[in-house]
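Quick look at start16.cif (mmCIF, N, CA and C atoms):
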```cif
data_protein
#
loop_
_atom_site.label_atom_id
_atom_site.label_comp_id
_atom_site.auth_asym_id
_atom_site.auth_seq_id
_atom_site.Cartn_x
_atom_site.Cartn_y
_atom_site.Cartn_z
N MET C 136 19.79 43.12 -18.41
CA MET C 136 19.81 41.86 -19.15
C MET C 136 18.52 41.69 -19.96
N LYS C 137 17.39 42.10 -19.38
CA LYS C 137 16.12 41.98 -20.07
C LYS C 137 16.12 42.85 -21.34
N HIS C 138 16.72 44.05 -21.23
CA HIS C 138 16.78 44.95 -22.39
C HIS C 138 17.68 44.37 -23.48
N LEU C 139 18.74 43.70 -23.08
CA LEU C 139 19.64 43.09 -24.05
C LEU C 139 18.92 41.99 -24.83
N LYS C 140 18.14 41.17 -24.13
CA LYS C 140 17.37 40.11 -24.80
C LYS C 140 16.37 40.72 -25.76
N SER C 141 15.70 41.78 -25.34
CA SER C 141 14.72 42.44 -26.21
C SER C 141 15.40 43.02 -27.44
N LEU C 142 16.56 43.63 -27.24
CA LEU C 142 17.30 44.21 -28.35
C LEU C 142 17.74 43.13 -29.33
N LEU C 143 18.25 42.01 -28.83
CA LEU C 143 18.67 40.92 -29.69
C LEU C 143 17.49 40.33 -30.47
N LEU C 144 16.35 40.18 -29.80
CA LEU C 144 15.16 39.68 -30.47
C LEU C 144 14.72 40.64 -31.57
N PHE C 145 14.73 41.94 -31.28
CA PHE C 145 14.36 42.95 -32.26
C PHE C 145 15.31 42.91 -33.46
N LEU C 146 16.61 42.85 -33.21
CA LEU C 146 17.59 42.81 -34.30
C LEU C 146 17.43 41.56 -35.15
N PHE C 147 17.13 40.44 -34.52
CA PHE C 147 16.89 39.21 -35.26
C PHE C 147 15.69 39.37 -36.18
N PHE C 148 14.60 39.93 -35.64
CA PHE C 148 13.39 40.13 -36.43
C PHE C 148 13.65 41.07 -37.61
N VAL C 149 14.33 42.17 -37.36
CA VAL C 149 14.62 43.15 -38.41
C VAL C 149 15.51 42.53 -39.48
N SER C 150 16.52 41.77 -39.08
CA SER C 150 17.41 41.16 -40.07
C SER C 150 16.68 40.12 -40.90
N THR C 151 15.76 39.39 -40.31
CA THR C 151 14.99 38.40 -41.04
C THR C 151 14.10 39.08 -42.06
N VAL C 152 13.42 40.14 -41.66
CA VAL C 152 12.51 40.83 -42.55
C VAL C 152 13.27 41.53 -43.67
N SER C 153 14.40 42.15 -43.34
CA SER C 153 15.12 42.92 -44.35
C SER C 153 15.80 42.04 -45.40
N TYR C 154 16.00 40.77 -45.12
CA TYR C 154 16.64 39.89 -46.07
C TYR C 154 15.67 38.93 -46.74
N ALA C 155 14.36 39.21 -46.61
CA ALA C 155 13.37 38.37 -47.27
C ALA C 155 13.60 38.42 -48.77
N GLN C 156 13.42 37.29 -49.41
CA GLN C 156 13.75 37.20 -50.82
C GLN C 156 12.56 36.72 -51.63
N LYS C 157 12.66 36.95 -52.93
CA LYS C 157 11.69 36.44 -53.89
C LYS C 157 12.43 35.60 -54.91
N PHE C 158 11.86 34.45 -55.23
CA PHE C 158 12.43 33.57 -56.23
C PHE C 158 11.37 33.29 -57.29
N ASN C 159 11.75 33.43 -58.54
CA ASN C 159 10.85 33.16 -59.66
C ASN C 159 11.31 31.89 -60.38
N PHE C 160 10.34 31.04 -60.69
CA PHE C 160 10.59 29.81 -61.41
C PHE C 160 9.67 29.75 -62.62
N LYS C 161 10.05 28.94 -63.59
CA LYS C 161 9.20 28.66 -64.74
C LYS C 161 9.01 27.16 -64.80
N THR C 162 7.75 26.74 -64.90
CA THR C 162 7.50 25.30 -64.98
C THR C 162 7.64 24.83 -66.42
N SER C 163 7.97 23.56 -66.57
CA SER C 163 8.04 22.96 -67.91
C SER C 163 7.08 21.79 -68.04
N GLY C 164 6.63 21.26 -66.91
CA GLY C 164 5.70 20.14 -66.95
C GLY C 164 5.22 19.79 -65.55
N TYR C 165 4.14 19.00 -65.50
CA TYR C 165 3.62 18.56 -64.21
C TYR C 165 3.07 17.15 -64.30
N MET C 166 2.98 16.50 -63.13
CA MET C 166 2.42 15.16 -62.99
C MET C 166 1.54 15.15 -61.75
N VAL C 167 0.62 14.21 -61.69
CA VAL C 167 -0.30 14.12 -60.55
C VAL C 167 -0.35 12.67 -60.07
N SER C 168 -0.45 12.51 -58.75
CA SER C 168 -0.71 11.21 -58.14
C SER C 168 -1.87 11.39 -57.17
N GLN C 169 -2.79 10.41 -57.15
CA GLN C 169 -3.95 10.52 -56.27
C GLN C 169 -4.05 9.30 -55.38
N LYS C 170 -4.64 9.51 -54.21
CA LYS C 170 -4.83 8.43 -53.25
C LYS C 170 -6.18 7.78 -53.50
N ASP C 171 -6.21 6.46 -53.50
CA ASP C 171 -7.47 5.75 -53.71
C ASP C 171 -8.20 5.54 -52.37
N ASN C 172 -9.34 4.85 -52.43
CA ASN C 172 -10.17 4.61 -51.23
C ASN C 172 -9.43 3.82 -50.15
N LYS C 173 -8.44 3.02 -50.55
CA LYS C 173 -7.70 2.21 -49.59
C LYS C 173 -6.46 2.91 -49.06
N GLY C 174 -6.23 4.16 -49.50
CA GLY C 174 -5.08 4.92 -49.01
C GLY C 174 -3.80 4.71 -49.78
N ASN C 175 -3.89 4.07 -50.93
CA ASN C 175 -2.71 3.82 -51.76
C ASN C 175 -2.56 4.93 -52.81
N TRP C 176 -1.32 5.34 -53.05
CA TRP C 176 -1.06 6.36 -54.06
C TRP C 176 -1.01 5.73 -55.43
N SER C 177 -1.60 6.40 -56.41
CA SER C 177 -1.56 5.92 -57.79
C SER C 177 -0.18 6.16 -58.38
N ASP C 178 0.08 5.53 -59.52
CA ASP C 178 1.29 5.85 -60.27
C ASP C 178 1.17 7.30 -60.72
N TRP C 179 2.30 7.92 -61.00
CA TRP C 179 2.28 9.30 -61.50
C TRP C 179 1.61 9.32 -62.87
N SER C 180 0.85 10.35 -63.12
CA SER C 180 0.26 10.55 -64.44
C SER C 180 1.37 10.82 -65.44
N LYS C 181 1.02 10.77 -66.71
CA LYS C 181 1.98 11.12 -67.75
C LYS C 181 2.35 12.60 -67.59
N LEU C 182 3.63 12.91 -67.82
CA LEU C 182 4.09 14.29 -67.71
C LEU C 182 3.37 15.15 -68.74
N GLN C 183 2.71 16.19 -68.25
CA GLN C 183 2.00 17.13 -69.11
C GLN C 183 2.83 18.40 -69.23
N LYS C 184 2.91 18.95 -70.43
CA LYS C 184 3.66 20.18 -70.64
C LYS C 184 2.91 21.35 -69.99
N SER C 185 3.66 22.22 -69.35
CA SER C 185 3.07 23.43 -68.77
C SER C 185 4.15 24.50 -68.68
N GLU C 186 3.78 25.69 -69.03
CA GLU C 186 4.69 26.83 -68.91
C GLU C 186 4.01 27.89 -68.07
N MET C 187 4.33 27.88 -66.80
CA MET C 187 3.75 28.83 -65.85
C MET C 187 4.86 29.41 -65.01
N THR C 188 4.57 30.50 -64.37
CA THR C 188 5.50 31.10 -63.43
C THR C 188 5.10 30.70 -62.02
N VAL C 189 6.09 30.41 -61.20
CA VAL C 189 5.89 30.14 -59.77
C VAL C 189 6.72 31.17 -59.02
N LEU C 190 6.10 31.83 -58.06
CA LEU C 190 6.77 32.84 -57.26
C LEU C 190 6.83 32.37 -55.81
N LEU C 191 8.04 32.30 -55.27
CA LEU C 191 8.24 32.08 -53.84
C LEU C 191 8.57 33.45 -53.26
N ASP C 192 7.63 34.03 -52.54
CA ASP C 192 7.75 35.38 -52.01
C ASP C 192 7.85 35.29 -50.48
N MET C 193 9.09 35.29 -49.99
CA MET C 193 9.30 35.13 -48.55
C MET C 193 8.95 36.41 -47.78
N GLU C 194 8.90 37.53 -48.47
CA GLU C 194 8.51 38.78 -47.83
C GLU C 194 7.02 38.78 -47.50
N SER C 195 6.21 38.27 -48.43
CA SER C 195 4.76 38.21 -48.24
C SER C 195 4.31 36.87 -47.68
N HIS C 196 5.26 35.95 -47.45
CA HIS C 196 4.99 34.63 -46.89
C HIS C 196 3.97 33.86 -47.74
N ARG C 197 4.28 33.78 -49.04
CA ARG C 197 3.37 33.05 -49.91
C ARG C 197 4.11 32.47 -51.11
N ILE C 198 3.46 31.47 -51.69
CA ILE C 198 3.92 30.86 -52.92
C ILE C 198 2.74 30.94 -53.88
N VAL C 199 3.01 31.43 -55.08
CA VAL C 199 1.95 31.61 -56.07
C VAL C 199 2.31 30.81 -57.32
N VAL C 200 1.37 30.00 -57.79
CA VAL C 200 1.50 29.30 -59.05
C VAL C 200 0.53 30.00 -60.01
N TYR C 201 1.09 30.64 -61.02
CA TYR C 201 0.28 31.42 -61.96
C TYR C 201 -0.25 30.51 -63.07
N SER C 202 -1.13 29.59 -62.67
CA SER C 202 -1.79 28.70 -63.62
C SER C 202 -3.07 29.39 -64.10
N GLU C 203 -3.80 28.71 -64.99
CA GLU C 203 -5.06 29.28 -65.49
C GLU C 203 -5.97 29.66 -64.32
N ILE C 204 -6.03 28.79 -63.34
CA ILE C 204 -6.71 29.11 -62.08
C ILE C 204 -5.60 29.36 -61.07
N LEU C 205 -5.48 30.60 -60.61
CA LEU C 205 -4.41 31.02 -59.71
C LEU C 205 -4.37 30.13 -58.46
N GLN C 206 -3.18 29.61 -58.15
CA GLN C 206 -2.98 28.82 -56.94
C GLN C 206 -2.15 29.65 -55.97
N LEU C 207 -2.77 30.08 -54.88
CA LEU C 207 -2.12 30.94 -53.89
C LEU C 207 -1.99 30.16 -52.59
N PHE C 208 -0.75 30.09 -52.07
CA PHE C 208 -0.47 29.34 -50.85
C PHE C 208 0.15 30.29 -49.83
N SER C 209 -0.49 30.42 -48.68
CA SER C 209 0.07 31.22 -47.58
C SER C 209 0.98 30.31 -46.77
N ILE C 210 2.21 30.76 -46.56
CA ILE C 210 3.18 29.96 -45.81
C ILE C 210 2.93 30.17 -44.32
N MET C 211 2.60 29.10 -43.62
CA MET C 211 2.34 29.15 -42.19
C MET C 211 3.59 28.82 -41.39
N LYS C 212 4.44 27.95 -41.96
CA LYS C 212 5.67 27.54 -41.26
C LYS C 212 6.73 27.20 -42.30
N TYR C 213 7.93 27.74 -42.09
CA TYR C 213 9.07 27.46 -42.95
C TYR C 213 9.85 26.29 -42.38
N GLY C 214 10.17 25.32 -43.23
CA GLY C 214 11.04 24.23 -42.80
C GLY C 214 12.48 24.60 -43.07
N ASN C 215 13.39 23.88 -42.46
CA ASN C 215 14.81 24.09 -42.70
C ASN C 215 15.21 23.42 -44.00
N GLN C 216 16.25 23.95 -44.63
CA GLN C 216 16.79 23.28 -45.81
C GLN C 216 17.54 22.05 -45.32
N GLU C 217 17.22 20.92 -45.95
CA GLU C 217 17.85 19.66 -45.58
C GLU C 217 18.45 19.04 -46.83
N THR C 218 19.43 18.18 -46.63
CA THR C 218 19.94 17.36 -47.71
C THR C 218 19.46 15.94 -47.47
N ILE C 219 18.70 15.43 -48.43
CA ILE C 219 18.18 14.07 -48.35
C ILE C 219 18.73 13.32 -49.56
N GLY C 220 19.64 12.41 -49.30
CA GLY C 220 20.31 11.72 -50.41
C GLY C 220 21.11 12.72 -51.22
N ASP C 221 20.79 12.81 -52.51
CA ASP C 221 21.48 13.74 -53.39
C ASP C 221 20.69 15.02 -53.64
N ASP C 222 19.65 15.25 -52.86
CA ASP C 222 18.77 16.39 -53.09
C ASP C 222 18.78 17.37 -51.92
N ASP C 223 18.69 18.67 -52.26
CA ASP C 223 18.43 19.69 -51.25
C ASP C 223 16.91 19.89 -51.21
N VAL C 224 16.35 19.92 -50.00
CA VAL C 224 14.90 19.94 -49.84
C VAL C 224 14.51 21.02 -48.85
N VAL C 225 13.46 21.79 -49.20
CA VAL C 225 12.88 22.77 -48.29
C VAL C 225 11.38 22.56 -48.29
N LYS C 226 10.79 22.45 -47.07
CA LYS C 226 9.34 22.23 -46.94
C LYS C 226 8.69 23.48 -46.35
N PHE C 227 7.45 23.69 -46.78
CA PHE C 227 6.65 24.80 -46.28
C PHE C 227 5.27 24.26 -45.90
N ASP C 228 4.83 24.50 -44.66
CA ASP C 228 3.46 24.19 -44.28
C ASP C 228 2.62 25.35 -44.75
N CYS C 229 1.59 25.06 -45.55
CA CYS C 229 0.82 26.13 -46.20
C CYS C 229 -0.68 25.92 -46.04
N VAL C 230 -1.41 26.98 -46.38
CA VAL C 230 -2.85 26.94 -46.53
C VAL C 230 -3.14 27.53 -47.89
N ASP C 231 -3.95 26.81 -48.71
CA ASP C 231 -4.23 27.33 -50.06
C ASP C 231 -5.34 28.37 -50.02
N ASN C 232 -5.67 28.93 -51.19
CA ASN C 232 -6.66 30.00 -51.24
C ASN C 232 -8.08 29.52 -50.94
N ASN C 233 -8.28 28.21 -50.76
CA ASN C 233 -9.57 27.66 -50.33
C ASN C 233 -9.57 27.32 -48.84
N GLY C 234 -8.46 27.61 -48.15
CA GLY C 234 -8.36 27.33 -46.73
C GLY C 234 -7.94 25.91 -46.40
N VAL C 235 -7.48 25.15 -47.40
CA VAL C 235 -7.09 23.76 -47.20
C VAL C 235 -5.59 23.69 -46.89
N GLU C 236 -5.23 22.95 -45.84
CA GLU C 236 -3.83 22.79 -45.46
C GLU C 236 -3.13 21.86 -46.43
N CYS C 237 -1.87 22.18 -46.72
CA CYS C 237 -1.07 21.35 -47.61
C CYS C 237 0.40 21.61 -47.31
N ILE C 238 1.24 20.79 -47.88
CA ILE C 238 2.70 20.95 -47.72
C ILE C 238 3.29 21.16 -49.10
N LEU C 239 4.06 22.23 -49.25
CA LEU C 239 4.78 22.47 -50.49
C LEU C 239 6.25 22.18 -50.22
N THR C 240 6.86 21.44 -51.13
CA THR C 240 8.25 21.04 -50.98
C THR C 240 8.98 21.37 -52.27
N ILE C 241 10.12 22.05 -52.14
CA ILE C 241 10.96 22.34 -53.29
C ILE C 241 12.21 21.47 -53.19
N TYR C 242 12.43 20.68 -54.23
CA TYR C 242 13.60 19.82 -54.33
C TYR C 242 14.57 20.42 -55.34
N THR C 243 15.85 20.41 -55.02
CA THR C 243 16.90 20.71 -55.97
C THR C 243 17.66 19.41 -56.19
N ARG C 244 17.54 18.88 -57.40
CA ARG C 244 18.11 17.58 -57.75
C ARG C 244 19.56 17.78 -58.20
N LYS C 245 20.49 17.53 -57.29
CA LYS C 245 21.91 17.76 -57.58
C LYS C 245 22.43 16.90 -58.73
N LYS C 246 21.99 15.66 -58.82
CA LYS C 246 22.48 14.76 -59.86
C LYS C 246 21.73 14.94 -61.17
N GLN C 247 20.84 15.92 -61.23
CA GLN C 247 20.11 16.21 -62.46
C GLN C 247 20.36 17.66 -62.88
N GLY C 248 21.59 18.11 -62.68
CA GLY C 248 21.98 19.44 -63.12
C GLY C 248 21.36 20.57 -62.30
N GLY C 249 20.96 20.28 -61.06
CA GLY C 249 20.36 21.31 -60.22
C GLY C 249 18.91 21.59 -60.57
N ARG C 250 18.26 20.66 -61.25
CA ARG C 250 16.84 20.82 -61.62
C ARG C 250 15.99 20.97 -60.37
N ASN C 251 15.00 21.85 -60.44
CA ASN C 251 14.09 22.07 -59.31
C ASN C 251 12.75 21.40 -59.58
N GLN C 252 12.14 20.92 -58.51
CA GLN C 252 10.79 20.39 -58.57
C GLN C 252 10.00 20.94 -57.39
N LEU C 253 8.73 21.24 -57.63
CA LEU C 253 7.81 21.68 -56.60
C LEU C 253 6.76 20.59 -56.43
N TYR C 254 6.60 20.11 -55.20
CA TYR C 254 5.56 19.14 -54.88
C TYR C 254 4.53 19.83 -54.01
N ILE C 255 3.27 19.77 -54.43
CA ILE C 255 2.15 20.30 -53.64
C ILE C 255 1.40 19.08 -53.13
N THR C 256 1.47 18.84 -51.82
CA THR C 256 0.94 17.62 -51.24
C THR C 256 -0.30 17.91 -50.39
N TYR C 257 -1.42 17.35 -50.82
CA TYR C 257 -2.67 17.38 -50.06
C TYR C 257 -2.88 15.99 -49.48
N GLN C 258 -3.93 15.82 -48.69
CA GLN C 258 -4.19 14.50 -48.10
C GLN C 258 -4.46 13.44 -49.16
N ASP C 259 -5.08 13.84 -50.28
CA ASP C 259 -5.50 12.86 -51.27
C ASP C 259 -4.89 13.05 -52.67
N MET C 260 -3.99 14.02 -52.80
CA MET C 260 -3.42 14.30 -54.12
C MET C 260 -2.07 14.98 -53.99
N ILE C 261 -1.17 14.68 -54.93
CA ILE C 261 0.12 15.36 -55.03
C ILE C 261 0.28 15.86 -56.46
N ILE C 262 0.66 17.12 -56.60
CA ILE C 262 0.99 17.69 -57.90
C ILE C 262 2.48 17.98 -57.88
N ALA C 263 3.19 17.53 -58.90
CA ALA C 263 4.64 17.75 -59.00
C ALA C 263 4.92 18.57 -60.26
N TYR C 264 5.61 19.69 -60.08
CA TYR C 264 6.00 20.55 -61.20
C TYR C 264 7.51 20.47 -61.40
N ASN C 265 7.96 20.32 -62.64
CA ASN C 265 9.37 20.50 -62.98
C ASN C 265 9.58 21.98 -63.23
N MET C 266 10.66 22.55 -62.67
CA MET C 266 10.87 23.99 -62.76
C MET C 266 12.33 24.33 -63.01
N THR C 267 12.53 25.52 -63.55
CA THR C 267 13.86 26.11 -63.65
C THR C 267 13.78 27.50 -63.02
N VAL C 268 14.89 27.94 -62.47
CA VAL C 268 14.94 29.25 -61.84
C VAL C 268 15.05 30.30 -62.94
N LEU C 269 14.24 31.35 -62.84
CA LEU C 269 14.33 32.47 -63.77
C LEU C 269 15.33 33.47 -63.22
N GLU C 270 16.15 34.05 -64.10
CA GLU C 270 17.12 35.03 -63.67
C GLU C 270 16.41 36.29 -63.21
N ASP C 271 16.99 36.93 -62.22
CA ASP C 271 16.47 38.21 -61.74
C ASP C 271 17.11 39.32 -62.56
N ASN C 272 16.35 39.85 -63.52
CA ASN C 272 16.88 40.87 -64.42
C ASN C 272 17.22 42.18 -63.70
N SER C 273 16.58 42.43 -62.55
CA SER C 273 16.85 43.67 -61.84
C SER C 273 18.23 43.71 -61.21
N SER C 274 18.84 42.51 -61.02
CA SER C 274 20.15 42.47 -60.39
C SER C 274 21.29 42.47 -61.42
N LYS C 275 20.95 42.40 -62.70
CA LYS C 275 21.99 42.40 -63.73
C LYS C 275 22.60 43.79 -63.87
N LYS C 276 23.89 43.82 -64.12
CA LYS C 276 24.57 45.10 -64.38
C LYS C 276 24.27 45.54 -65.80
N LYS C 277 24.06 46.82 -65.97
CA LYS C 277 23.76 47.36 -67.31
C LYS C 277 24.97 47.92 -67.96
#
```
Structure rendered as structure tokens:
Amino acid sequence: MKHLKSLLLFLFFVSTVSYAQKFNFKTSGYMVSQKDNKGNWSDWSKLQKSEMTVLLDMESHRIVVYSEILQLFSIMKYGNQETIGDDDVVKFDCVDNNGVECILTIYTRKKQGGRNQLYITYQDMIIAYNMTVLEDNSSKKK
């Protein structure tokens, strides 16, 4: 029985690793909200245009925002995909390249044509990116 449990655990681990995926997104804009001294969040800033690539690399357990200053987030814990209202939501507990803990959340807005948004939430600031999924050219038939 002990060997069966070990075998099942091994097969689960192998199947998880072998099906790790990478998702590429392109941003179109971002907004920022900051917390004041009293703990209140500010209104969102005006939407700023941005065209950057965002990589969700589940094999390497990281999310990378290819901005002028590279934003690298190591995924410490994967959340389950949930449906909240009309949105599909996935959360990731992360640590950024400065060692600061944060939560990254990807929303798929069903009532907005499947538009994706990435929220990077720190204790005192939230950055929200509007994104679209980039096609994986390697999977296209030639």
Which residues fall under the PyMOL selection byres ((chain C and resi 248-263) around 6) in this file, as a list of chain:residue names?
-> C:Gly164, C:Tyr165, C:Met166, C:Val167, C:Ser168, C:Gln169, C:Lys170, C:Glu236, C:Cys237, C:Ile238, C:Leu239, C:Thr240, C:Ile241, C:Tyr242, C:Thr243, C:Arg244, C:Lys245, C:Lys246, C:Gln247, C:Tyr264, C:Asn265, C:Met266, C:Thr267
With 8 Å on each side, where is the centre of the axis-aligned box around all listed atoms of range 218-223 of chain C, and how long are its edges in Å to one decimal, as JSON?
```
{"center_x": 19.2, "center_y": 15.8, "center_z": -50.1, "size_x": 20.6, "size_y": 24.2, "size_z": 23.0}
```
Could you state which residues are captured by the PyMOL selection byres (((chain C and resi 231 and name CA) around 9) and name CA) in this file, as a count of residues only?
-> 13
DSSP on the backbone, then: every residue of chain C marked strand (DSSP E or B), written as a PyMOL selection string.
-> chain C and resi 157-170+176+183-184+188-192+197-200+206-213+217-219+222-231+236-244+250-256+260-268
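Ranking C:Asp228, C:Asp178, C:Asp171, C:Asp222 by their shortest atom-to-atom distance to His196 in chain C, with only C-alpha atoms included, puts C:Asp228 first.
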Residue by residue, what does the PyMOL selection byres (((chain C and resi 186 and name CA) around 12) and name CA) grab here? Present the result as a PDB file with N, CA and C atoms, keeping the file's coordinate frame.
```pdb
ATOM      1  N   PHE C 160      10.340  31.040 -60.690  1.00  0.00           N
ATOM      2  CA  PHE C 160      10.590  29.810 -61.410  1.00  0.00           C
ATOM      3  C   PHE C 160       9.670  29.750 -62.620  1.00  0.00           C
ATOM      4  N   LYS C 161      10.050  28.940 -63.590  1.00  0.00           N
ATOM      5  CA  LYS C 161       9.200  28.660 -64.740  1.00  0.00           C
ATOM      6  C   LYS C 161       9.010  27.160 -64.800  1.00  0.00           C
ATOM      7  N   THR C 162       7.750  26.740 -64.900  1.00  0.00           N
ATOM      8  CA  THR C 162       7.500  25.300 -64.980  1.00  0.00           C
ATOM      9  C   THR C 162       7.640  24.830 -66.420  1.00  0.00           C
ATOM     10  N   SER C 163       7.970  23.560 -66.570  1.00  0.00           N
ATOM     11  CA  SER C 163       8.040  22.960 -67.910  1.00  0.00           C
ATOM     12  C   SER C 163       7.080  21.790 -68.040  1.00  0.00           C
ATOM     13  N   GLY C 164       6.630  21.260 -66.910  1.00  0.00           N
ATOM     14  CA  GLY C 164       5.700  20.140 -66.950  1.00  0.00           C
ATOM     15  C   GLY C 164       5.220  19.790 -65.550  1.00  0.00           C
ATOM     16  N   TYR C 165       4.140  19.000 -65.500  1.00  0.00           N
ATOM     17  CA  TYR C 165       3.620  18.560 -64.210  1.00  0.00           C
ATOM     18  C   TYR C 165       3.070  17.150 -64.300  1.00  0.00           C
ATOM     19  N   GLN C 183       2.710  16.190 -68.250  1.00  0.00           N
ATOM     20  CA  GLN C 183       2.000  17.130 -69.110  1.00  0.00           C
ATOM     21  C   GLN C 183       2.830  18.400 -69.230  1.00  0.00           C
ATOM     22  N   LYS C 184       2.910  18.950 -70.430  1.00  0.00           N
ATOM     23  CA  LYS C 184       3.660  20.180 -70.640  1.00  0.00           C
ATOM     24  C   LYS C 184       2.910  21.350 -69.990  1.00  0.00           C
ATOM     25  N   SER C 185       3.660  22.220 -69.350  1.00  0.00           N
ATOM     26  CA  SER C 185       3.070  23.430 -68.770  1.00  0.00           C
ATOM     27  C   SER C 185       4.150  24.500 -68.680  1.00  0.00           C
ATOM     28  N   MET C 187       4.330  27.880 -66.800  1.00  0.00           N
ATOM     29  CA  MET C 187       3.750  28.830 -65.850  1.00  0.00           C
ATOM     30  C   MET C 187       4.860  29.410 -65.010  1.00  0.00           C
ATOM     31  N   THR C 188       4.570  30.500 -64.370  1.00  0.00           N
ATOM     32  CA  THR C 188       5.500  31.100 -63.430  1.00  0.00           C
ATOM     33  C   THR C 188       5.100  30.700 -62.020  1.00  0.00           C
ATOM     34  N   VAL C 189       6.090  30.410 -61.200  1.00  0.00           N
ATOM     35  CA  VAL C 189       5.890  30.140 -59.770  1.00  0.00           C
ATOM     36  C   VAL C 189       6.720  31.170 -59.020  1.00  0.00           C
ATOM     37  N   VAL C 200       1.370  30.000 -57.790  1.00  0.00           N
ATOM     38  CA  VAL C 200       1.500  29.300 -59.050  1.00  0.00           C
ATOM     39  C   VAL C 200       0.530  30.000 -60.010  1.00  0.00           C
ATOM     40  N   TYR C 201       1.090  30.640 -61.020  1.00  0.00           N
ATOM     41  CA  TYR C 201       0.280  31.420 -61.960  1.00  0.00           C
ATOM     42  C   TYR C 201      -0.250  30.510 -63.070  1.00  0.00           C
ATOM     43  N   SER C 202      -1.130  29.590 -62.670  1.00  0.00           N
ATOM     44  CA  SER C 202      -1.790  28.700 -63.620  1.00  0.00           C
ATOM     45  C   SER C 202      -3.070  29.390 -64.100  1.00  0.00           C
ATOM     46  N   GLU C 203      -3.800  28.710 -64.990  1.00  0.00           N
ATOM     47  CA  GLU C 203      -5.060  29.280 -65.490  1.00  0.00           C
ATOM     48  C   GLU C 203      -5.970  29.660 -64.320  1.00  0.00           C
ATOM     49  N   TYR C 264       5.610  19.690 -60.080  1.00  0.00           N
ATOM     50  CA  TYR C 264       6.000  20.550 -61.200  1.00  0.00           C
ATOM     51  C   TYR C 264       7.510  20.470 -61.400  1.00  0.00           C
ATOM     52  N   ASN C 265       7.960  20.320 -62.640  1.00  0.00           N
ATOM     53  CA  ASN C 265       9.370  20.500 -62.980  1.00  0.00           C
ATOM     54  C   ASN C 265       9.580  21.980 -63.230  1.00  0.00           C
ATOM     55  N   MET C 266      10.660  22.550 -62.670  1.00  0.00           N
ATOM     56  CA  MET C 266      10.870  23.990 -62.760  1.00  0.00           C
ATOM     57  C   MET C 266      12.330  24.330 -63.010  1.00  0.00           C
ATOM     58  N   THR C 267      12.530  25.520 -63.550  1.00  0.00           N
ATOM     59  CA  THR C 267      13.860  26.110 -63.650  1.00  0.00           C
ATOM     60  C   THR C 267      13.780  27.500 -63.020  1.00  0.00           C
TER      61      THR C 267
END
```
When DSSP works through the backbone of this structure, what residues of chain C end up as helix (DSSP H, G or I), shown as an MDAnalysis selection string?
-> chainID C and resid 137:153 245:247 272:274
For atom C of Val268 in chain C and atom N of Asp221 in chain C, the interatomic separation in Å (one decimal) |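 So the answer is 21.2 Å.
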Point-to-point distance from atom N of Met211 in chain C to CA of Trp179 in chain C, Å rounded to tenths =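 Pair atom N of Met211 in chain C / CA of Trp179 in chain C returns 26.7 Å.
Taking CA of Arg197 in chain C as the reference point, CA of Asn159 in chain C is found at 12.3 Å.
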